[in-house]
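Enquirer: A single structure is presented below for examination.
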Amino acid sequence: MRRLAPALLLITISIAAASAQTIHYSDARKLWLITTPHSSYAMGIGPQGELQNLYWGGPLWRIEDLPAAREQKDISSFDPHQMLENEEYPGWGGPRYYEPALKITRADGDRDLVLHYVSHHIDGDTLEIDLKDIRDDIRVTLHYRVHPDTGIIERWSTIRNATQQPITIVSAQSATWHVPHGDGYRLSYLSGRWAAETQLNREEIHEGMKVLESRLGESGHNLNPWFAIDPGDADEAHGRVWFGALAWSGNWRITVEQTPYRQVRITGGYNTFDFSYPLAPGESLETPAFYGGFADHGFGQASRLLHDLERAHIAPHGASARLRPVLYNSWEATTFHITEAGQVALAEKAARIGVELFVMDDGWFGARNDDHAGLGDWTPNPQKFPHGLAPLIAKVNALGMDFGLWVEPEMANPDSNLYRAHPDWVMNFPGRPRSELRNQLILNLARDDVKQYIFTFLDKLATDNNIRYFKWDMNRVFAEPGWPEAPLAEQQTLWVKYVRNYYDILRRLRDKHPDLEIESCSGGGGRVDLGVLPYVDEFWTSDNTEAFDRLRIQEGFSQAYAARFMSAWVTDVPNTNHRSTPLAYRFLVAMQGALGIGANLNKWSSDDFALATKMVALSKRIRATVQDGDLYRLLSPRTNDVTANEYVAKDGKQSVVFAFRHAQQYNTPAPAILLRGLDPHALYRIESPDNQLLGGATQLSGAYLMSRGLDFQLEDDYDATIAVLTRVD
Ligand code: DGJ
């Protein structure tokens with residue numbers, strides 16, 4: 001595909017802006033063109049009525065340029081035309097053997113489904129296209145919500161059984177995406193495990209299928225529902241990148257498939273694993289949103305577009321969301337050994353260094369002295385809090401901080417009053433073992449009584465106490481996901497209904513307590529996805545808070561998620577993997593997200609307090625740029641002995657550069673760090689709070705900074721530094 005010349009691009013943008021119309025339809029040629037300043041997307045109706053994808057890529061402005069959808073010729077009896085066309089949302093039926101978007105079984109065993117166009121409706125930036133099986137009243141509405149500011153399209157589907165017979169859905173996908181036909185594409189994705197989440201991978205796409213998925217009941221530590229595809233030559237700043245993220249916190253699946261005909265297809269939605277969803281006559285099922293976008297300036301721009309979308313259109317409060325406060329969390333300091341006096345002592349120290357939100361973690365409730373008991377009994381432990389939580393919260397508030405509380409609502413320890421009263425509430429297959437992980441079982445949140453119980457206790461906690469923030473944790477994966485009380489045919493809907501009820505509780509809590517903030521945590525980053533983002537303000541990134549490991553985890557996280565959602569703590573050393581890094585290094589790593597402190601402040605020296613106070617003040621000065629600005633990943637920890645990231649404020653007035661040295665080789669200087677995203681014609685005042693900048697210049701032009709770059713004195717292992725640039729007008 002040819003790139004548009006800059007002049008043409010300008011015309012494109014001005015036409016799109018002038019017409020202010022995003023979705024165009026040509027009745028004569030039966031095709032749609034969705035166009036935004038960043039990307040275009042086109043579909044057409046084929047001669048038989050099947051919906052075909054015609055284009056996804058850089059912005060187009062002329063609908064007449066697009067060829068109408070046509071029927072391909074069969075190549076052989078093994079290569080029917082149905083396999084050669086880029087069907088937008090294929091049912092499994094006829095001779096179609098690539099990954100279907102929808103697969104069903106009728107009550108009589110008939111499984112053939114061929115979807116054809118029926119009608120469509122355009123309303124501003126949304127398009128709905130109705131499809132129907134060629135014989136039966138099995139209907140699908142394809143939803144397209146276009147976000148013109150980023151060019152990202154949000155797609156999902158509603159599947160409706162308008163027949164008189166029940167059907168069972170065995171695969172319900174949100175969308176199929178097609179990149180232009182070709183070879184040599186590369187897939188980027190995020191994989192990992194507990195304490196090593198969001199590691200970035202890049203690999204060539206060949207014929208066959210790669211499956212990214214979770215079967216764990218949550219989005220999971222192992223793979224994250226995000227992908228990017230490039231023609232093999234993109235880097236952070238250059239090249240075409242198609243990217244997407246699936247908004248679902250349960251079992252999800254994204255397949256990336258190259259067919260023998262050089263089609264590259266991405267299909268995503270509910271995981272087909274153990275999936276069976278009956279629809280009685282008149283019932284429907286909605287699939288999660290699958291966001292897809294296109295960037296012409298590499299992986300960096302792809303991330304920035306996603307970050308913009310998340311901040312403006314997905315996360316709570318949109319553009320008016322407050323900057324993330326500096327948080328203190330007691331977990332690594334105390335683990336379960338919580339007392340009121342101990343928390344007060346930590347809170348007093350946290351307040352001294354400028355913390356704004358004090359969060360008490362696990363161990364405050366029921367018989368919770370270790371991980372064997374108490375989950376499910378959400379009242380303060382009477383020995384630890386003889387007068388309830390009120391005195392501690394009052395003290396925290398008097399110190400000028402908000403109060404946050406850890407909860408793990410979906411769980412029960414067998415040793416809990418809740419489990420003793422309701423053993424039937426946990427998911428189980430009768431007569432089979434109930435697998436405990438971390439000595440806990442999972443409540444079946446698909447049940448409405450369980451949902452009501454969880455909402456009620458959380459609502460009571462938030463009503464009775466001045467709680468600003470819940471850290472909602474989930475410390476195990478599903479096992480034995482049985483729902484014996486439900487009709488047999490509906491038991492497997494647990495996978496979907498569980499997640500919908502989880503979202504519903506979060507939504508209701510936020511509606512009732514508008515100032516309440518929530519962190520999504522699952523033993524670190526097991527529940528980081530766009531499905532829960534409308535209801536949460538931060539994600540707990542990883543239980544691995546070791547700063548050098550974090551650089552990679554954060555690099556991966558930042559591919560898909562904006563810095564303001566990335567909770568990052570400074571903790572004590574040696575940590576997780578026995579590594580020790582200087583306190584300044586740990587602060588500079590954590591300041592690239594929503595800064596938190598999780599250290600045992602009782603053990604800090606006066607020098608530590610002095611440094612921390614300075615670092616917290618500095619983070620407050622730059623956090624708007626980090627959290628709401630544009631991220632440029634300059635040097636990757638995967639490929640360099642120096643990692644560098646730059647954040648540029650949206651108004652261009654402030655930029656911040658962070659650099660970290662790993663293991664240096666004797667006498668090897670750190671490389672020059674070339675900045676991006678500046679105005680070449682502007683002058684920038686450079687501040688180096690730790691005096692590690694070489695050269696002595698206090699003002700430099702954007703051109704110099706981007707072409708020659710900055711030299712930092714990063715001589716020792718785990719040296720770290722920061723430069724703050726202010727545009728001088
Ligand atoms: C797992 C979380 O990721 C930790 O931060 C901490 O909250 C523990 N659970 C508490 O049990």
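Within each chain, counting starts at residue 1; across the structure tokens, chains are named A, B, ... in the order shown, with ligands numbered 1 upward in that order.
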Excluding same-chain residues fewer than 4 positions from range 288-297 of chain A, what lies within 9 Å of it counting only C-alpha atoms, as a ChimeraX atom specification?

Expert: /A:3,38-40,56-58,150-157,173-175,177,234-248,268-270,301-303,305-306,530-531

Enquirer: Just to be explicit: take each residue in the selection above, keep C-alpha atoms, and write the result as an mmCIF file, in the first residue's frame.

Expert:
data_model
loop_
_atom_site.group_PDB
_atom_site.id
_atom_site.type_symbol
_atom_site.label_atom_id
_atom_site.label_comp_id
_atom_site.auth_asym_id
_atom_site.auth_seq_id
_atom_site.Cartn_x
_atom_site.Cartn_y
_atom_site.Cartn_z
ATOM 1 C CA ARG A 3 1.771 6.080 1.780
ATOM 2 C CA HIS A 38 -5.433 8.923 11.413
ATOM 3 C CA SER A 39 -6.982 6.041 9.528
ATOM 4 C CA SER A 40 -9.677 4.753 7.241
ATOM 5 C CA TRP A 56 -7.927 -0.779 6.794
ATOM 6 C CA GLY A 57 -5.004 1.616 6.912
ATOM 7 C CA GLY A 58 -3.966 5.233 6.398
ATOM 8 C CA THR A 150 -7.506 8.681 17.439
ATOM 9 C CA GLY A 151 -8.979 6.880 14.443
ATOM 10 C CA ILE A 152 -9.637 3.912 16.706
ATOM 11 C CA ILE A 153 -12.773 1.941 15.945
ATOM 12 C CA GLU A 154 -14.603 0.155 18.722
ATOM 13 C CA ARG A 155 -16.352 -2.940 17.418
ATOM 14 C CA TRP A 156 -18.682 -5.405 19.046
ATOM 15 C CA SER A 157 -21.635 -7.550 18.033
ATOM 16 C CA GLN A 173 -16.444 -13.130 18.560
ATOM 17 C CA SER A 174 -16.511 -9.366 18.777
ATOM 18 C CA ALA A 175 -14.853 -8.675 15.439
ATOM 19 C CA TRP A 177 -9.994 -7.471 11.452
ATOM 20 C CA ALA A 234 8.287 -0.677 11.903
ATOM 21 C CA ASP A 235 10.127 0.682 14.917
ATOM 22 C CA GLU A 236 9.164 3.048 17.712
ATOM 23 C CA ALA A 237 9.039 6.080 15.439
ATOM 24 C CA HIS A 238 8.470 4.780 11.925
ATOM 25 C CA GLY A 239 6.314 2.453 9.955
ATOM 26 C CA ARG A 240 2.775 1.226 9.712
ATOM 27 C CA VAL A 241 1.263 -0.519 12.716
ATOM 28 C CA TRP A 242 -2.201 -2.016 13.093
ATOM 29 C CA PHE A 243 -3.117 -2.605 16.703
ATOM 30 C CA GLY A 244 -6.006 -3.652 18.871
ATOM 31 C CA ALA A 245 -7.136 -4.424 22.393
ATOM 32 C CA LEU A 246 -10.008 -6.537 23.569
ATOM 33 C CA ALA A 247 -12.090 -5.186 26.434
ATOM 34 C CA TRP A 248 -12.801 -8.282 28.505
ATOM 35 C CA GLY A 268 -11.193 -11.729 18.943
ATOM 36 C CA GLY A 269 -13.924 -12.099 21.512
ATOM 37 C CA TYR A 270 -15.080 -14.635 24.088
ATOM 38 C CA GLN A 301 2.356 6.355 17.898
ATOM 39 C CA ALA A 302 0.210 3.226 18.210
ATOM 40 C CA SER A 303 0.654 3.369 21.992
ATOM 41 C CA LEU A 305 -3.273 6.698 20.230
ATOM 42 C CA LEU A 306 -4.409 3.976 22.600
ATOM 43 C CA LEU A 530 -9.826 -2.357 28.764
ATOM 44 C CA GLY A 531 -12.967 -4.218 29.885
#

Enquirer: Please identify every polymer residue within 9 Å of ligand 1, using only C-alpha atoms and all ligand atoms, and present the set as an MDAnalysis selection string.

Expert: chainID A and resid 329:332 335:336 361:363 370:371 406:408 471:475 521:526 540:544

Enquirer: Got a sec: who's within 10 Å of Leu190 in chain A, counting only C-alpha atoms, leaving out chain neighbours fewer than 5 positions off, as a PyMOL selection string?

Expert: chain A and resi 197-202+212+221-228+553+556-557+559-560

Enquirer: Taking 6 positions as the minimum chain separation for residues in the same chain, which residues sit within 8 Å of Asp415 in chain A when counting only C-alpha atoms? Answer as a list of chain:residue names.

Expert: A:His372, A:Ala373, A:Gly374

Enquirer: Please list as a PyMOL selection string every residue within 9 Å of range 129-141 of chain A, counting only C-alpha atoms and excluding residues in the same chain fewer than 3 positions away.

Expert: chain A and resi 50-51+91+113-122+144+156-164

Enquirer: Those same residues - N, CA and C atoms - I'd like them written as an mmCIF file, in the first residue's frame.

Expert:
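New file result14.cif:
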data_model
loop_
_atom_site.group_PDB
_atom_site.id
_atom_site.type_symbol
_atom_site.label_atom_id
_atom_site.label_comp_id
_atom_site.auth_asym_id
_atom_site.auth_seq_id
_atom_site.Cartn_x
_atom_site.Cartn_y
_atom_site.Cartn_z
ATOM 1 N N GLU A 50 -22.935 -10.898 1.158
ATOM 2 C CA GLU A 50 -22.021 -11.053 2.294
ATOM 3 C C GLU A 50 -21.218 -9.766 2.469
ATOM 4 N N LEU A 51 -20.901 -9.474 3.720
ATOM 5 C CA LEU A 51 -20.192 -8.224 4.035
ATOM 6 C C LEU A 51 -18.693 -8.473 3.942
ATOM 7 N N GLY A 91 -19.948 -16.156 9.632
ATOM 8 C CA GLY A 91 -20.529 -17.271 10.372
ATOM 9 C C GLY A 91 -19.818 -18.535 9.928
ATOM 10 N N LEU A 113 -24.358 -21.755 9.242
ATOM 11 C CA LEU A 113 -24.764 -20.352 9.439
ATOM 12 C C LEU A 113 -24.060 -19.494 8.400
ATOM 13 N N VAL A 114 -24.836 -18.845 7.544
ATOM 14 C CA VAL A 114 -24.247 -17.953 6.533
ATOM 15 C C VAL A 114 -24.912 -16.597 6.708
ATOM 16 N N LEU A 115 -24.110 -15.601 7.005
ATOM 17 C CA LEU A 115 -24.658 -14.282 7.351
ATOM 18 C C LEU A 115 -24.587 -13.339 6.163
ATOM 19 N N HIS A 116 -25.730 -12.725 5.854
ATOM 20 C CA HIS A 116 -25.779 -11.742 4.767
ATOM 21 C C HIS A 116 -26.325 -10.410 5.273
ATOM 22 N N TYR A 117 -25.980 -9.401 4.549
ATOM 23 C CA TYR A 117 -26.397 -8.035 4.899
ATOM 24 C C TYR A 117 -27.919 -7.878 4.812
ATOM 25 N N VAL A 118 -28.472 -7.141 5.790
ATOM 26 C CA VAL A 118 -29.908 -6.830 5.760
ATOM 27 C C VAL A 118 -30.139 -5.322 5.685
ATOM 28 N N SER A 119 -29.506 -4.589 6.591
ATOM 29 C CA SER A 119 -29.737 -3.136 6.641
ATOM 30 C C SER A 119 -28.620 -2.495 7.455
ATOM 31 N N HIS A 120 -28.604 -1.174 7.448
ATOM 32 C CA HIS A 120 -27.631 -0.507 8.304
ATOM 33 C C HIS A 120 -28.173 0.845 8.742
ATOM 34 N N HIS A 121 -27.501 1.394 9.749
ATOM 35 C CA HIS A 121 -27.948 2.670 10.294
ATOM 36 C C HIS A 121 -26.723 3.470 10.723
ATOM 37 N N ILE A 122 -26.633 4.707 10.226
ATOM 38 C CA ILE A 122 -25.513 5.579 10.619
ATOM 39 C C ILE A 122 -26.057 6.662 11.532
ATOM 40 N N TYR A 144 -20.126 -0.372 15.210
ATOM 41 C CA TYR A 144 -18.865 0.335 14.978
ATOM 42 C C TYR A 144 -19.010 1.703 15.626
ATOM 43 N N TRP A 156 -18.125 -4.277 18.304
ATOM 44 C CA TRP A 156 -18.682 -5.405 19.046
ATOM 45 C C TRP A 156 -19.907 -5.897 18.298
ATOM 46 N N SER A 157 -20.490 -6.999 18.749
ATOM 47 C CA SER A 157 -21.635 -7.550 18.033
ATOM 48 C C SER A 157 -22.725 -7.947 19.017
ATOM 49 N N THR A 158 -23.954 -7.912 18.530
ATOM 50 C CA THR A 158 -25.079 -8.442 19.301
ATOM 51 C C THR A 158 -25.689 -9.568 18.480
ATOM 52 N N ILE A 159 -25.774 -10.727 19.106
ATOM 53 C CA ILE A 159 -26.273 -11.921 18.406
ATOM 54 C C ILE A 159 -27.665 -12.199 18.954
ATOM 55 N N ARG A 160 -28.644 -12.287 18.066
ATOM 56 C CA ARG A 160 -30.038 -12.406 18.543
ATOM 57 C C ARG A 160 -30.704 -13.621 17.911
ATOM 58 N N ASN A 161 -31.350 -14.385 18.752
ATOM 59 C CA ASN A 161 -32.114 -15.525 18.248
ATOM 60 C C ASN A 161 -33.557 -15.079 18.066
ATOM 61 N N ALA A 162 -33.928 -14.743 16.829
ATOM 62 C CA ALA A 162 -35.304 -14.315 16.570
ATOM 63 C C ALA A 162 -36.128 -15.466 15.983
ATOM 64 N N THR A 163 -35.601 -16.678 16.110
ATOM 65 C CA THR A 163 -36.372 -17.839 15.641
ATOM 66 C C THR A 163 -37.264 -18.345 16.772
ATOM 67 N N GLN A 164 -38.018 -19.394 16.499
ATOM 68 C CA GLN A 164 -38.904 -19.993 17.515
ATOM 69 C C GLN A 164 -38.212 -21.133 18.261
#

Enquirer: Pull the strand (DSSP E or B) assignments for range 175-245 of chain A out of DSSP run on the backbone, and list those residues as a VMD selection string.

Expert: chain A and resid 175 to 179 186 to 193 196 to 204 208 to 213 223 to 230 239 241 to 245

Enquirer: Looking at only C-alpha atoms, which of A:Gln52, A:Ser558, A:Ser707, A:Thr545 is the one that sits closest to Ser580 in chain A?

Expert: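 Ranked by minimum distance to Ser580 in chain A, first place goes to A:Thr545.
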
Enquirer: Can you work out the spacing between CA of Ile597 in chain A and CA of Pro325 in chain A in Å, to one decimal?

Expert: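 Separation between CA of Ile597 in chain A and CA of Pro325 in chain A: 11.3 Å.
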
Enquirer: From the list A:Arg111, A:Arg304, A:Arg262, A:Arg507, which residue is nearest Asp149 in chain A when using only C-alpha atoms?

Expert: A:Arg304

Enquirer: Which one is closest to Arg661 in chain A: A:Glu348, A:Asp716, A:Asp110, A:Glu204? Count only C-alpha atoms.

Expert: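 Answer, going by the shortest atom-to-atom distance: A:Asp716.
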
Enquirer: Enumerate the residues of range 99-320 of chain A with a DSSP assignment of helix (DSSP H, G or I), computed from the backbone, and present them as a ChimeraX atom specification.

Expert: /A:298-314,318-320

Enquirer: Could you tell me which of A:Glu310, A:Asp711, A:Glu687, A:Asp402 comes closest to Leu533 in chain A if we count only C-alpha atoms?

Expert: A:Glu310

Enquirer: Between A:Asp65, A:Glu213, A:Asp459, A:Asp230, which has the minimum distance to Tyr185 in chain A (counting only C-alpha atoms)?

Expert: A:Asp230

Enquirer: Between CA of Met427 in chain A and CA of Asp449 in chain A, what distance in Å does the model show, to one decimal?

Expert: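 If I compute the distance from CA of Met427 in chain A to CA of Asp449 in chain A, I get 13.2 Å.
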
Enquirer: Return the single residue from A:Val450, A:Met43, A:Leu710, A:Leu127 that is closest to Thr22 in chain A, with distances computed using only C-alpha atoms.

Expert: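 Ranking A:Val450, A:Met43, A:Leu710, A:Leu127 by distance to Thr22 in chain A, first place goes to A:Leu127.
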
Enquirer: Kindly provide the residues of range 556-616 of chain A that approach range 641-644 of chain A to within 12 Å, each paired with its closest atom pair and their distance in Å to one decimal, based on only C-alpha atoms, listed by chain and increasing number, as JSON lines.

Expert:
{"residue": "A:Tyr585", "atom": "CA", "partner": "A:Thr643", "partner_atom": "CA", "distance": 11.9}
{"residue": "A:Leu588", "atom": "CA", "partner": "A:Ala644", "partner_atom": "CA", "distance": 11.0}
{"residue": "A:Val589", "atom": "CA", "partner": "A:Thr643", "partner_atom": "CA", "distance": 10.3}
{"residue": "A:Gln592", "atom": "CA", "partner": "A:Ala644", "partner_atom": "CA", "distance": 11.0}
